[in-house]
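Everything below belongs to work.pdb, which stores PDB, C-alpha atoms.
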ATOM      1  CA  MET A  84     -16.891 -52.441   7.652
ATOM      2  CA  GLN A  85     -18.750 -52.835   4.374
ATOM      3  CA  GLU A  86     -20.030 -49.213   4.560
ATOM      4  CA  GLU A  87     -16.503 -47.841   4.873
ATOM      5  CA  VAL A  88     -15.409 -49.747   1.793
ATOM      6  CA  THR A  89     -18.364 -48.585  -0.283
ATOM      7  CA  GLN A  90     -17.915 -44.976   0.766
ATOM      8  CA  ARG A  91     -14.295 -44.972  -0.270
ATOM      9  CA  THR A  92     -14.752 -46.395  -3.738
ATOM     10  CA  VAL A  93     -13.041 -44.439  -6.516
ATOM     11  CA  ALA A  94     -13.783 -44.748 -10.210
ATOM     12  CA  LEU A  95     -10.714 -44.792 -12.418
ATOM     13  CA  CYS A  96     -10.955 -44.668 -16.171
ATOM     14  CA  VAL A  97      -7.807 -45.202 -18.226
ATOM     15  CA  GLU A  98      -7.616 -45.362 -22.021
ATOM     16  CA  THR A  99      -4.898 -47.721 -23.142
ATOM     17  CA  THR A 100      -4.364 -50.556 -25.601
ATOM     18  CA  ARG A 101      -2.822 -52.848 -23.025
ATOM     19  CA  LEU A 102      -3.170 -52.357 -19.257
ATOM     20  CA  SER A 103      -0.013 -53.264 -17.388
ATOM     21  CA  ALA A 104       0.738 -53.171 -13.667
ATOM     22  CA  GLY A 105       3.091 -50.202 -14.075
ATOM     23  CA  LEU A 106       0.484 -48.203 -16.004
ATOM     24  CA  LEU A 107      -2.179 -48.944 -13.366
ATOM     25  CA  GLN A 108       0.200 -47.922 -10.592
ATOM     26  CA  GLN A 109       1.043 -44.679 -12.393
ATOM     27  CA  ALA A 110      -2.657 -43.867 -12.891
ATOM     28  CA  MET A 111      -3.449 -44.545  -9.215
ATOM     29  CA  ARG A 112      -0.603 -42.275  -8.075
ATOM     30  CA  LYS A 113      -1.914 -39.494 -10.285
ATOM     31  CA  VAL A 114      -5.452 -39.917  -8.902
ATOM     32  CA  LEU A 115      -4.205 -39.861  -5.306
ATOM     33  CA  ARG A 116      -2.090 -36.776  -5.977
ATOM     34  CA  GLU A 117      -5.095 -34.959  -7.450
ATOM     35  CA  MET A 118      -7.272 -35.985  -4.508
ATOM     36  CA  GLN A 119      -4.737 -34.614  -2.037
ATOM     37  CA  ARG A 120      -4.482 -31.350  -3.961
ATOM     38  CA  GLY A 121      -8.252 -31.026  -4.045
ATOM     39  CA  ALA A 122      -8.591 -31.622  -0.306
ATOM     40  CA  ALA A 123      -5.902 -29.061   0.485
ATOM     41  CA  GLY A 124      -7.389 -26.517  -1.928
ATOM     42  CA  HIS A 125     -10.753 -26.394  -0.168
ATOM     43  CA  ARG A 126      -9.287 -25.373   3.166
ATOM     44  CA  THR A 127      -8.027 -21.820   3.579
ATOM     45  CA  LYS A 128      -4.529 -21.468   4.897
ATOM     46  CA  LEU A 129      -4.422 -20.216   8.469
ATOM     47  CA  HIS A 130      -1.812 -17.466   8.646
ATOM     48  CA  ARG A 131       0.267 -16.849  11.775
ATOM     49  CA  GLY A 132       2.112 -13.782  13.049
ATOM     50  CA  LYS A 133       2.170 -10.602  10.981
ATOM     51  CA  GLN A 134      -0.412 -10.684   8.189
ATOM     52  CA  THR A 135      -2.722  -8.489   6.209
ATOM     53  CA  LEU A 136      -5.944  -7.214   7.679
ATOM     54  CA  ARG A 137      -7.938  -9.270   5.168
ATOM     55  CA  GLN A 138      -6.201 -12.481   6.214
ATOM     56  CA  LEU A 139      -6.895 -11.681   9.862
ATOM     57  CA  MET A 140     -10.578 -11.006   9.167
ATOM     58  CA  ARG A 141     -10.942 -14.319   7.290
ATOM     59  CA  GLN A 142     -10.242 -16.229  10.496
ATOM     60  CA  ASN A 143     -13.757 -15.335  11.724
ATOM     61  CA  THR A 144     -12.739 -14.019  15.132
ATOM     62  CA  GLY A 145     -13.493 -10.662  16.675
ATOM     63  CA  VAL A 146     -10.834  -8.083  15.856
ATOM     64  CA  SER A 147      -9.631  -5.343  18.212
ATOM     65  CA  ASN A 148      -7.085  -2.621  17.600
ATOM     66  CA  ILE A 149      -4.626  -0.339  19.365
ATOM     67  CA  GLU A 150      -2.580   2.625  18.177
ATOM     68  CA  ILE A 151       1.204   2.565  17.936
ATOM     69  CA  THR A 152       3.865   4.998  16.694
ATOM     70  CA  ASP A 153       5.997   4.298  13.644
ATOM     71  CA  ARG A 154       9.244   4.194  15.654
ATOM     72  CA  ASN A 155       7.947   1.328  17.793
ATOM     73  CA  ILE A 156       6.685  -0.992  15.051
ATOM     74  CA  ARG A 157       9.824  -3.102  14.821
ATOM     75  CA  VAL A 158      10.115  -3.580  18.582
ATOM     76  CA  PHE A 159       6.424  -4.480  18.822
ATOM     77  CA  SER A 160       6.727  -6.966  15.945
ATOM     78  CA  ALA A 161       9.530  -8.792  17.734
ATOM     79  CA  THR A 162       7.525  -8.929  20.976
ATOM     80  CA  ALA A 163       4.379 -10.113  19.173
ATOM     81  CA  LYS A 164       6.370 -12.839  17.423
ATOM     82  CA  LYS A 165       7.724 -13.987  20.775
ATOM     83  CA  TYR A 166       4.214 -14.283  22.222
ATOM     84  CA  GLY A 167       2.755 -15.877  19.062
ATOM     85  CA  ILE A 168       0.215 -13.123  18.404
ATOM     86  CA  ASP A 169      -1.580 -12.920  15.082
ATOM     87  CA  PHE A 170      -1.718  -9.247  14.143
ATOM     88  CA  ALA A 171      -2.089  -6.879  11.209
ATOM     89  CA  LEU A 172      -0.642  -3.379  10.821
ATOM     90  CA  LYS A 173      -2.630  -0.652   9.112
ATOM     91  CA  LYS A 174      -1.404   2.878   8.379
ATOM     92  CA  ASP A 175      -4.042   5.574   8.893
ATOM     93  CA  THR A 176      -3.122   8.681   6.881
ATOM     94  CA  SER A 177      -6.332  10.624   7.452
ATOM     95  CA  GLY A 178      -4.626  13.188   9.728
ATOM     96  CA  GLU A 179      -1.461  15.226   9.281
ATOM     97  CA  ILE A 180       0.574  12.793  11.357
ATOM     98  CA  PRO A 181       0.146   9.203  10.138
ATOM     99  CA  ARG A 182      -1.029   6.746  12.779
ATOM    100  CA  TYR A 183      -0.409   3.036  12.817
ATOM    101  CA  LEU A 184      -3.115   0.709  14.073
ATOM    102  CA  VAL A 185      -2.354  -2.807  15.245
ATOM    103  CA  PHE A 186      -5.298  -5.169  14.754
ATOM    104  CA  PHE A 187      -5.371  -8.438  16.643
ATOM    105  CA  LYS A 188      -7.837 -11.174  17.494
ATOM    106  CA  GLY A 189     -10.246 -10.388  20.302
ATOM    107  CA  ARG A 190      -9.520 -13.633  22.106
ATOM    108  CA  ASP A 191      -5.825 -12.675  22.283
ATOM    109  CA  ALA A 192      -6.548  -9.724  24.601
ATOM    110  CA  ASP A 193      -4.783 -11.273  27.607
ATOM    111  CA  VAL A 194      -1.738 -12.166  25.555
ATOM    112  CA  ILE A 195      -1.689  -8.667  24.047
ATOM    113  CA  THR A 196      -1.729  -7.177  27.537
ATOM    114  CA  ALA A 197       1.294  -9.243  28.568
ATOM    115  CA  ALA A 198       3.094  -8.437  25.320
ATOM    116  CA  PHE A 199       2.480  -4.713  25.766
ATOM    117  CA  ARG A 200       3.848  -4.819  29.304
ATOM    118  CA  GLU A 201       7.072  -6.281  27.981
ATOM    119  CA  PHE A 202       7.034  -3.918  25.001
ATOM    120  CA  SER A 203       6.654  -0.896  27.317
ATOM    121  CA  ALA A 204       9.468  -2.136  29.544
ATOM    122  CA  LYS A 205      11.754  -2.468  26.508
ATOM    123  CA  ASN A 206      10.883   1.060  25.382
ATOM    124  CA  LEU A 207      11.606   2.542  28.807
ATOM    125  CA  ALA A 208      14.917   0.711  29.016
ATOM    126  CA  ARG A 209      15.838   1.896  25.526
ATOM    127  CA  GLU A 210      14.998   5.518  26.357
ATOM    128  CA  LYS A 211      17.010   5.439  29.592
ATOM    129  CA  LYS A 212      20.057   3.997  27.872
ATOM    130  CA  PRO A 213      22.298   6.716  26.397
ATOM    131  CA  SER A 214      22.645   6.828  22.652
ATOM    132  CA  ILE A 215      25.871   5.347  21.331
ATOM    133  CA  ARG A 216      26.088   8.022  18.642
ATOM    134  CA  LYS A 217      25.829  10.784  21.244
ATOM    135  CA  GLU A 218      28.521   9.120  23.346
ATOM    136  CA  LEU A 219      30.759   8.825  20.279
ATOM    137  CA  GLU A 220      30.225  12.485  19.352
ATOM    138  CA  ARG A 221      31.045  13.589  22.913
ATOM    139  CA  ALA A 222      34.246  11.509  22.852
ATOM    140  CA  LYS A 223      35.248  13.107  19.540
ATOM    141  CA  GLN A 224      34.727  16.573  21.010
ATOM    142  CA  GLN A 225      36.949  15.694  23.981
ATOM    143  CA  VAL A 226      39.699  14.443  21.685
ATOM    144  CA  ARG A 227      39.505  17.633  19.588
ATOM    145  CA  ALA A 228      39.714  19.817  22.699
ATOM    146  CA  ARG A 229      42.716  17.874  24.020
ATOM    147  CA  HIS A 230      44.389  18.039  20.624
ATOM    148  CA  ARG A 231      44.054  21.859  20.491
ATOM    149  CA  GLN A 232      45.639  22.194  23.912
ATOM    150  CA  GLN A 233      48.761  20.308  22.918
ATOM    151  CA  VAL A 234      51.528  22.545  21.657
ATOM    152  CA  ARG A 235      53.404  21.372  18.648
ATOM    153  CA  VAL A 236      57.139  21.630  18.965
ATOM    154  CA  LYS A 237      59.253  20.974  15.937
ATOM    155  CA  THR A 238      62.912  20.197  16.450
ATOM    156  CA  ARG A 239      65.353  19.144  13.864
ATOM    157  CA  ASP A 240      68.264  17.050  14.836
ATOM    158  CA  ARG A 241      70.514  16.181  11.970
ATOM    159  CA  GLY A 242      72.961  14.388  14.134
ATOM    160  CA  VAL A 243      75.917  16.605  13.153
ATOM    161  CA  GLU A 244      78.120  17.843  16.022
ATOM    162  CA  LEU A 245      81.064  20.211  15.949
TER     163      LEU A 245
END

Written form, structure tokens:
Amino acid sequence: MQEEVTQRTVALCVETTRLSAGLLQQAMRKVLREMQRGAAGHRTKLHRGKQTLRQLMRQNTGVSNIEITDRNIRVFSATAKKYGIDFALKKDTSGEIPRYLVFFKGRDADVITAAFREFSAKNLAREKKPSIRKELERAKQQVRARHRQQVRVKTRDRGVEL
């Protein structure tokens, strides 16, 4: 018990003409606040979800990558968020067509596999579903065709009889 007390001793130096209980309390609060800030400042913040490649590399885990197209980034991000995957997106513009690489932790390989199964299923379902804009355009064409077929007949009836 004595060792714990001696290890936790803090030196506090306050310059004042008269030391009151309120002043001592205020000084102790300031010291504790600074100690908590110092302890939090030494640890690096562990980022979750979408992050930069540098932040992912700082977590000291093996990093793997896969290629993805630019149209699928938003759908993949939603799936990765659902599965709690830490990942980083990087655009590779070395070729004519830009490629997007998704970097993730090596230990998340099983989770990535499950996420990509769901991601692929969503993409297939989205491709099979007809586009709403195409359906709307086809409906407009049908209305135009029907409108052209109708014959306009103008009759005037003034209501005057002889």

List every residue of range 91-174 of chain A that has an atom at most 9 Å from any atom of range 197-201 of chain A, and for each one report the closest atom pair and its distance in Å to one decimal, counting all atoms listed in the file, with rows sorted by chain and then by increasing residue number, as a tab-separated table.
residue	atom	partner	partner_atom	distance
A:Phe159	CA	A:Phe199	CA	8.0
A:Thr162	CA	A:Ala198	CA	6.2
A:Ala163	CA	A:Ala198	CA	6.5
A:Lys165	CA	A:Ala198	CA	8.5
A:Tyr166	CA	A:Ala198	CA	6.7
A:Ile168	CA	A:Ala198	CA	8.8

Shell around range 108-118 of chain A at 9 Å using all atoms listed in the file, local window under 5 positions removed, as a PyMOL selection string
chain A and resi 95-97+103+123

Compare A:Arg231, A:Arg120, A:Arg131, A:Arg209 by their minimum atom-to-atom distance to Lys188 in chain A, counting all atoms listed in the file, and give me the closest one.
A:Arg131

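Take the PyMOL selection byres ((chain A and resi 137-153) around 8) and apply it to this file: it picks A:Leu129, A:His130, A:Gln134, A:Thr135, A:Leu136, A:Arg154, A:Asn155, A:Ile156, A:Asp169, A:Phe170, A:Ala171, A:Arg182, A:Tyr183, A:Leu184, A:Val185, A:Phe186, A:Phe187, A:Lys188, A:Gly189, A:Arg190.
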
Centre and edge lengths of an axis-aligned box around all listed atoms of range 163-166 of chain A, with 5 Å added on each side, are to be given in Å to one decimal, as lines of an AutoDock Vina configuration file.
center_x = 6.0
center_y = -12.2
center_z = 19.8
size_x = 13.5
size_y = 14.2
size_z = 14.8

State, in Å with one decimal place, the distance from CA of Lys173 in chain A to CA of Ser203 in chain A.
20.4 Å
